[in-house]
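Asks: Below is a structure I'd like to ask you about.
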Amino acid sequence: MNMLRTTAVSAGLFQKCPNPYKRQIIKFNYRRSKSMSTMASADSLPEHVMKVAAISGSLRKSSFNRGLLRSAVEIARESIPHMEIDILEIGHLPFVNTDLEVDNRFPPSVEEFRAKVLQADCILFASPEYNYSVSSPLKNAIDWASRPPNAWADKPAAIMSAGGGFGGALAQNHLRQIGIYIDLHFINKPELRIRAFEHPTKFDGDGNLVDDQIRKEVKELLLSLSAFTRRLQNKEVPS
């Protein structure tokens, strides 16, 4: 007998039963079956899949930062079922030029990029450090999506970087400064800056991440981004 039928039968028996004690038992079973039916309905609801727009500041196919994003995609597929990461390409975007904005429309490639940013729940950046700052392709993409109406506004974000020196620390700091003006909300911890040229080997010749410890750190970053995003959206974090 299914829950709905059990509930209906219990309700009918409750109306007919003259014994007060048995009526209490029937009433208890009725409430219990109704509660279980509500729980089953809640469990059947589809879980929201968090959409992450991932952007690399490096255009080179075998770059370490693109490798970090590929590893993030793999980790999410393997062990974070409520998260879906989409790597957005930015190399084809034209240089920012307001002369290209015609009739309140952006160039098609820019429109497509902006739409993907808008549709995302949060943003994941992998940024190399160029001259103490972010790369010019990344800054160009940021500027296009910040043109009114600002597509970045009020979105949670996280940063990871790989490179020489301090592993992209200055680029991360500059990106956080940019985020203040365009209304991005960056997580503060964990920080992930990889000194890519130090031993042991972190990446292979194709830019793929091969260090297991860093993969764990990438996962921690993704989980932190997920939790922060759900807090801002007032949603529970799946266990």
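Residue numbering restarts at 1 for every chain of the structure tokens, chains are lettered A, B, ... in their displayed order, and ligands are numbered from 1 as they appear.
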Return as a Markdown table the residues of range 174-235 of chain A lying at most 6 Å from range 150-167 of chain A, together with the closest atom-to-atom pair for each and the distance in Å to one decimal, counting only C-alpha atoms, with rows in chain order and ascending residue number.
Replies:
| residue | atom | partner | partner_atom | distance |
| --- | --- | --- | --- | --- |
| A:Asp183 | CA | A:Ala153 | CA | 4.8 |
| A:Leu184 | CA | A:Lys155 | CA | 5.3 |
| A:His185 | CA | A:Pro156 | CA | 4.6 |
| A:Phe186 | CA | A:Ala157 | CA | 4.6 |
| A:Ile187 | CA | A:Ala158 | CA | 5.7 |
| A:Leu192 | CA | A:Met160 | CA | 5.0 |
| A:Arg193 | CA | A:Gly167 | CA | 4.8 |
| A:Ile194 | CA | A:Ala162 | CA | 4.5 |
| A:Arg195 | CA | A:Gly167 | CA | 4.4 |
| A:Ala196 | CA | A:Gly163 | CA | 5.1 |
| A:Thr229 | CA | A:Pro156 | CA | 5.8 |
Asks: Any chance you could list, as a ChimeraX atom specification, the residues in range 44-239 of chain A that come up strand (DSSP E) when DSSP is run on the backbone?
Replies: /A:50-56,83-88,122-126,155-163,184-186,192-195
Asks: Could you please take those selected residues and save N, CA, C and O atoms as a CSV table (one decimal), in the first residue's frame?
Replies:
chain,number,residue,atom,x,y,z
A,50,MET,N,25.3,23.9,-9.3
A,50,MET,CA,26.0,25.1,-9.3
A,50,MET,C,26.8,25.3,-10.5
A,50,MET,O,27.7,24.5,-10.8
A,51,LYS,N,26.6,26.3,-11.3
A,51,LYS,CA,27.3,26.6,-12.5
A,51,LYS,C,28.4,27.5,-12.3
A,51,LYS,O,28.2,28.7,-11.8
A,52,VAL,N,29.6,27.1,-12.6
A,52,VAL,CA,30.8,27.9,-12.4
A,52,VAL,C,31.4,28.3,-13.7
A,52,VAL,O,31.7,27.4,-14.6
A,53,ALA,N,31.6,29.5,-13.9
A,53,ALA,CA,32.3,30.0,-15.1
A,53,ALA,C,33.8,30.1,-14.8
A,53,ALA,O,34.2,30.9,-13.9
A,54,ALA,N,34.6,29.4,-15.5
A,54,ALA,CA,36.0,29.3,-15.2
A,54,ALA,C,36.8,30.1,-16.4
A,54,ALA,O,36.5,29.8,-17.5
A,55,ILE,N,37.7,30.9,-16.0
A,55,ILE,CA,38.4,31.7,-16.9
A,55,ILE,C,39.9,31.7,-16.7
A,55,ILE,O,40.4,32.0,-15.5
A,56,SER,N,40.7,31.4,-17.7
A,56,SER,CA,42.2,31.4,-17.6
A,56,SER,C,42.7,32.7,-18.2
A,56,SER,O,42.3,33.1,-19.3
A,83,MET,N,28.3,20.5,-8.6
A,83,MET,CA,29.1,21.6,-9.3
A,83,MET,C,29.4,21.2,-10.7
A,83,MET,O,29.8,20.1,-11.0
A,84,GLU,N,29.1,22.2,-11.6
A,84,GLU,CA,29.4,22.0,-13.0
A,84,GLU,C,30.3,23.2,-13.5
A,84,GLU,O,29.9,24.4,-13.4
A,85,ILE,N,31.5,22.9,-14.0
A,85,ILE,CA,32.5,24.0,-14.3
A,85,ILE,C,32.6,24.1,-15.9
A,85,ILE,O,32.8,23.1,-16.5
A,86,ASP,N,32.4,25.3,-16.4
A,86,ASP,CA,32.5,25.5,-17.8
A,86,ASP,C,33.6,26.5,-18.0
A,86,ASP,O,33.6,27.6,-17.5
A,87,ILE,N,34.6,26.1,-18.8
A,87,ILE,CA,35.8,26.9,-19.1
A,87,ILE,C,35.4,27.9,-20.3
A,87,ILE,O,35.0,27.4,-21.4
A,88,LEU,N,35.4,29.2,-20.0
A,88,LEU,CA,35.1,30.2,-21.0
A,88,LEU,C,36.4,30.6,-21.7
A,88,LEU,O,37.3,31.0,-21.1
A,122,CYS,N,28.8,31.4,-10.0
A,122,CYS,CA,30.0,32.0,-9.5
A,122,CYS,C,31.2,31.9,-10.5
A,122,CYS,O,31.0,31.3,-11.6
A,123,ILE,N,32.3,32.5,-10.2
A,123,ILE,CA,33.4,32.6,-11.1
A,123,ILE,C,34.7,32.0,-10.5
A,123,ILE,O,35.0,32.2,-9.3
A,124,LEU,N,35.4,31.3,-11.4
A,124,LEU,CA,36.7,30.7,-11.0
A,124,LEU,C,37.8,31.3,-11.9
A,124,LEU,O,37.7,31.0,-13.1
A,125,PHE,N,38.7,32.0,-11.4
A,125,PHE,CA,39.8,32.5,-12.2
A,125,PHE,C,41.1,31.7,-12.0
A,125,PHE,O,41.4,31.3,-10.8
A,126,ALA,N,41.9,31.5,-13.1
A,126,ALA,CA,43.2,31.0,-13.0
A,126,ALA,C,44.1,32.0,-13.7
A,126,ALA,O,44.0,32.1,-14.9
A,155,LYS,N,28.5,38.5,-7.9
A,155,LYS,CA,28.8,37.1,-8.0
A,155,LYS,C,30.0,36.7,-7.1
A,155,LYS,O,31.0,37.4,-7.0
A,156,PRO,N,29.9,35.5,-6.5
A,156,PRO,CA,31.1,35.0,-5.7
A,156,PRO,C,32.2,34.6,-6.7
A,156,PRO,O,31.9,34.2,-7.8
A,157,ALA,N,33.4,34.6,-6.2
A,157,ALA,CA,34.5,34.2,-7.1
A,157,ALA,C,35.7,33.7,-6.3
A,157,ALA,O,35.8,33.9,-5.1
A,158,ALA,N,36.5,33.0,-7.0
A,158,ALA,CA,37.8,32.4,-6.3
A,158,ALA,C,38.9,32.5,-7.3
A,158,ALA,O,38.7,32.6,-8.6
A,159,ILE,N,40.1,32.6,-6.8
A,159,ILE,CA,41.3,32.7,-7.7
A,159,ILE,C,42.3,31.6,-7.3
A,159,ILE,O,42.5,31.3,-6.2
A,160,MET,N,43.0,31.1,-8.4
A,160,MET,CA,44.1,30.3,-8.2
A,160,MET,C,45.1,30.7,-9.3
A,160,MET,O,44.8,31.2,-10.3
A,161,SER,N,46.4,30.4,-9.0
A,161,SER,CA,47.4,30.9,-10.0
A,161,SER,C,48.7,30.0,-9.9
A,161,SER,O,48.9,29.4,-8.8
A,162,ALA,N,49.4,29.9,-11.0
A,162,ALA,CA,50.6,29.2,-11.0
A,162,ALA,C,51.6,30.0,-11.8
A,162,ALA,O,51.3,30.6,-12.8
A,163,GLY,N,52.9,30.0,-11.4
A,163,GLY,CA,53.9,30.7,-12.1
A,163,GLY,C,55.2,30.7,-11.3
A,163,GLY,O,55.4,30.0,-10.3
A,184,LEU,N,32.6,42.0,-7.5
A,184,LEU,CA,32.8,40.6,-7.3
A,184,LEU,C,33.1,40.3,-5.9
A,184,LEU,O,33.8,41.1,-5.2
A,185,HIS,N,32.7,39.2,-5.3
A,185,HIS,CA,32.9,38.8,-3.9
A,185,HIS,C,33.8,37.6,-3.9
A,185,HIS,O,33.4,36.5,-4.0
A,186,PHE,N,35.1,37.9,-3.6
A,186,PHE,CA,36.1,36.8,-3.6
A,186,PHE,C,36.2,36.1,-2.2
A,186,PHE,O,36.1,36.8,-1.2
A,192,LEU,N,45.5,29.8,-3.0
A,192,LEU,CA,46.2,28.8,-3.9
A,192,LEU,C,47.1,29.5,-4.9
A,192,LEU,O,46.6,30.0,-5.9
A,193,ARG,N,48.4,29.5,-4.5
A,193,ARG,CA,49.4,30.1,-5.4
A,193,ARG,C,50.5,29.1,-5.5
A,193,ARG,O,51.1,28.6,-4.5
A,194,ILE,N,50.7,28.6,-6.8
A,194,ILE,CA,51.7,27.5,-7.0
A,194,ILE,C,53.0,28.0,-7.6
A,194,ILE,O,52.9,28.7,-8.7
A,195,ARG,N,54.1,27.7,-7.0
A,195,ARG,CA,55.4,28.0,-7.5
A,195,ARG,C,55.7,26.9,-8.5
A,195,ARG,O,56.3,25.9,-8.1
Asks: So which one's closest to Gln233 in chain A, A:Pro81, A:Phe106, A:Asp121, A:Arg176? Using only C-alpha atoms, please.
Replies: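 Counting only C-alpha atoms, the residue closest to Gln233 in chain A is A:Asp121.
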Asks: Nearest to Ala141 in chain A among A:Asn97, A:Ser62, A:Asn104, A:Gln213, with distances taken over only C-alpha atoms: which residue is it?
Replies: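 Of all the options, A:Asn97 lies closest to Ala141 in chain A.
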Asks: Give me the residues within 12 Å of Ser63 in chain A as a list in words, counting only C-alpha atoms and dropping any in the same chain fewer than 3 places off.
Replies: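 In the requested form, the answer reads Ser56, Gly57, Ser58, Leu59, Arg60, Arg66, Gly67, Leu68, Leu69, Arg70, Ala126, Ser127, Pro128, Ser161, Ala162, Gly163, Ala196, Phe203, Asp204, Gly205, Asp206, Gly207, Asn208 and Leu209 of chain A.
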Asks: Could you write out the selected residues, including N, CA, C and O atoms, as a compact mmCIF listing (two decimals), in the first residue's frame?
Replies:
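File produced: selection_25.txt:
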# COMPACT_ATOMS: atom_id res chain seq x y z
N SER A 56 40.72 31.39 -17.68
CA SER A 56 42.17 31.41 -17.57
C SER A 56 42.70 32.69 -18.19
O SER A 56 42.28 33.08 -19.28
N GLY A 57 43.64 33.33 -17.50
CA GLY A 57 44.25 34.53 -18.04
C GLY A 57 45.33 34.24 -19.07
O GLY A 57 45.83 35.16 -19.72
N SER A 58 45.67 32.97 -19.25
CA SER A 58 46.67 32.58 -20.24
C SER A 58 45.99 31.92 -21.42
O SER A 58 45.11 31.07 -21.25
N LEU A 59 46.40 32.28 -22.63
CA LEU A 59 45.79 31.71 -23.84
C LEU A 59 46.53 30.48 -24.35
O LEU A 59 46.00 29.73 -25.17
N ARG A 60 47.74 30.27 -23.87
CA ARG A 60 48.56 29.15 -24.36
C ARG A 60 47.92 27.82 -23.95
O ARG A 60 47.54 27.63 -22.79
N ARG A 66 45.76 27.12 -17.41
CA ARG A 66 44.71 26.36 -18.10
C ARG A 66 44.68 24.93 -17.55
O ARG A 66 43.60 24.32 -17.43
N GLY A 67 45.86 24.40 -17.23
CA GLY A 67 45.92 23.07 -16.62
C GLY A 67 45.21 23.02 -15.28
O GLY A 67 44.56 22.02 -14.94
N LEU A 68 45.33 24.09 -14.50
CA LEU A 68 44.62 24.16 -13.23
C LEU A 68 43.11 24.10 -13.43
O LEU A 68 42.40 23.41 -12.69
N LEU A 69 42.63 24.79 -14.45
CA LEU A 69 41.19 24.76 -14.72
C LEU A 69 40.74 23.39 -15.19
O LEU A 69 39.66 22.92 -14.80
N ARG A 70 41.56 22.73 -16.00
CA ARG A 70 41.20 21.38 -16.44
C ARG A 70 41.12 20.43 -15.24
O ARG A 70 40.22 19.58 -15.15
N ALA A 126 41.86 31.53 -13.05
CA ALA A 126 43.22 31.00 -12.96
C ALA A 126 44.10 32.01 -13.70
O ALA A 126 44.05 32.11 -14.93
N SER A 127 44.87 32.77 -12.94
CA SER A 127 45.55 33.92 -13.54
C SER A 127 47.06 33.85 -13.41
O SER A 127 47.58 33.74 -12.29
N PRO A 128 47.77 33.94 -14.52
CA PRO A 128 49.23 34.11 -14.43
C PRO A 128 49.54 35.54 -14.00
O PRO A 128 48.64 36.39 -13.97
N SER A 161 46.42 30.45 -9.01
CA SER A 161 47.43 30.88 -9.98
C SER A 161 48.66 30.00 -9.88
O SER A 161 48.93 29.38 -8.85
N ALA A 162 49.38 29.94 -10.99
CA ALA A 162 50.63 29.18 -11.05
C ALA A 162 51.64 29.98 -11.84
O ALA A 162 51.30 30.62 -12.84
N GLY A 163 52.87 29.97 -11.37
CA GLY A 163 53.92 30.70 -12.08
C GLY A 163 55.20 30.71 -11.29
O GLY A 163 55.37 29.97 -10.32
N ALA A 196 55.33 27.09 -9.75
CA ALA A 196 55.28 26.00 -10.72
C ALA A 196 56.64 25.42 -11.10
O ALA A 196 56.71 24.28 -11.57
N PHE A 203 53.53 20.12 -13.02
CA PHE A 203 52.80 19.99 -14.27
C PHE A 203 53.63 19.20 -15.27
O PHE A 203 54.86 19.25 -15.24
N ASP A 204 52.93 18.49 -16.18
CA ASP A 204 53.66 17.78 -17.23
C ASP A 204 53.88 18.72 -18.42
O ASP A 204 53.54 19.91 -18.37
N GLY A 205 54.44 18.18 -19.51
CA GLY A 205 54.77 19.01 -20.67
C GLY A 205 53.57 19.62 -21.36
O GLY A 205 53.71 20.60 -22.11
N ASP A 206 52.38 19.06 -21.14
CA ASP A 206 51.15 19.60 -21.74
C ASP A 206 50.40 20.54 -20.80
O ASP A 206 49.28 20.97 -21.12
N GLY A 207 51.02 20.84 -19.67
CA GLY A 207 50.39 21.74 -18.72
C GLY A 207 49.38 21.09 -17.80
O GLY A 207 48.65 21.80 -17.09
N ASN A 208 49.33 19.77 -17.78
CA ASN A 208 48.38 19.07 -16.92
C ASN A 208 48.93 18.97 -15.49
O ASN A 208 50.12 18.68 -15.30
N LEU A 209 48.08 19.19 -14.51
CA LEU A 209 48.48 19.11 -13.12
C LEU A 209 48.74 17.65 -12.74
O LEU A 209 47.87 16.79 -12.91
Asks: Find the distance between CA of Gly91 in chain A and CA of Glu112 in chain A and write it in Å to one decimal.
Replies: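 These two atoms are separated by 13.2 Å.
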Asks: I'd like the contact shell of Asp212 in chain A - 12 Å cut-off, only C-alpha atoms, skipping same-chain residues fewer than 4 positions apart - returned as a list in words.
Replies: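 My reading of the contact set: Ser71, Ile75, Pro200, Thr201, Lys202, Phe203, Asn208, Lys216, Glu217, Val218 and Lys219 of chain A.
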Asks: Go ahead and compute the interatomic distance for CA of Ser133 in chain A and CA of Ala171 in chain A, in Å to one decimal.
Replies: 4.3 Å
Asks: CA of Gly179 in chain A to CA of Ser146 in chain A: how many Å, to one decimal?
Replies: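 It comes out at 10.3 Å.
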Asks: Could you check which of A:Ala72, A:Tyr130, A:Gln177, A:Phe113 is closest to Arg215 in chain A, using only C-alpha atoms?
Replies: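 Of the candidates, the smallest distance to Arg215 in chain A is held by A:Ala72.
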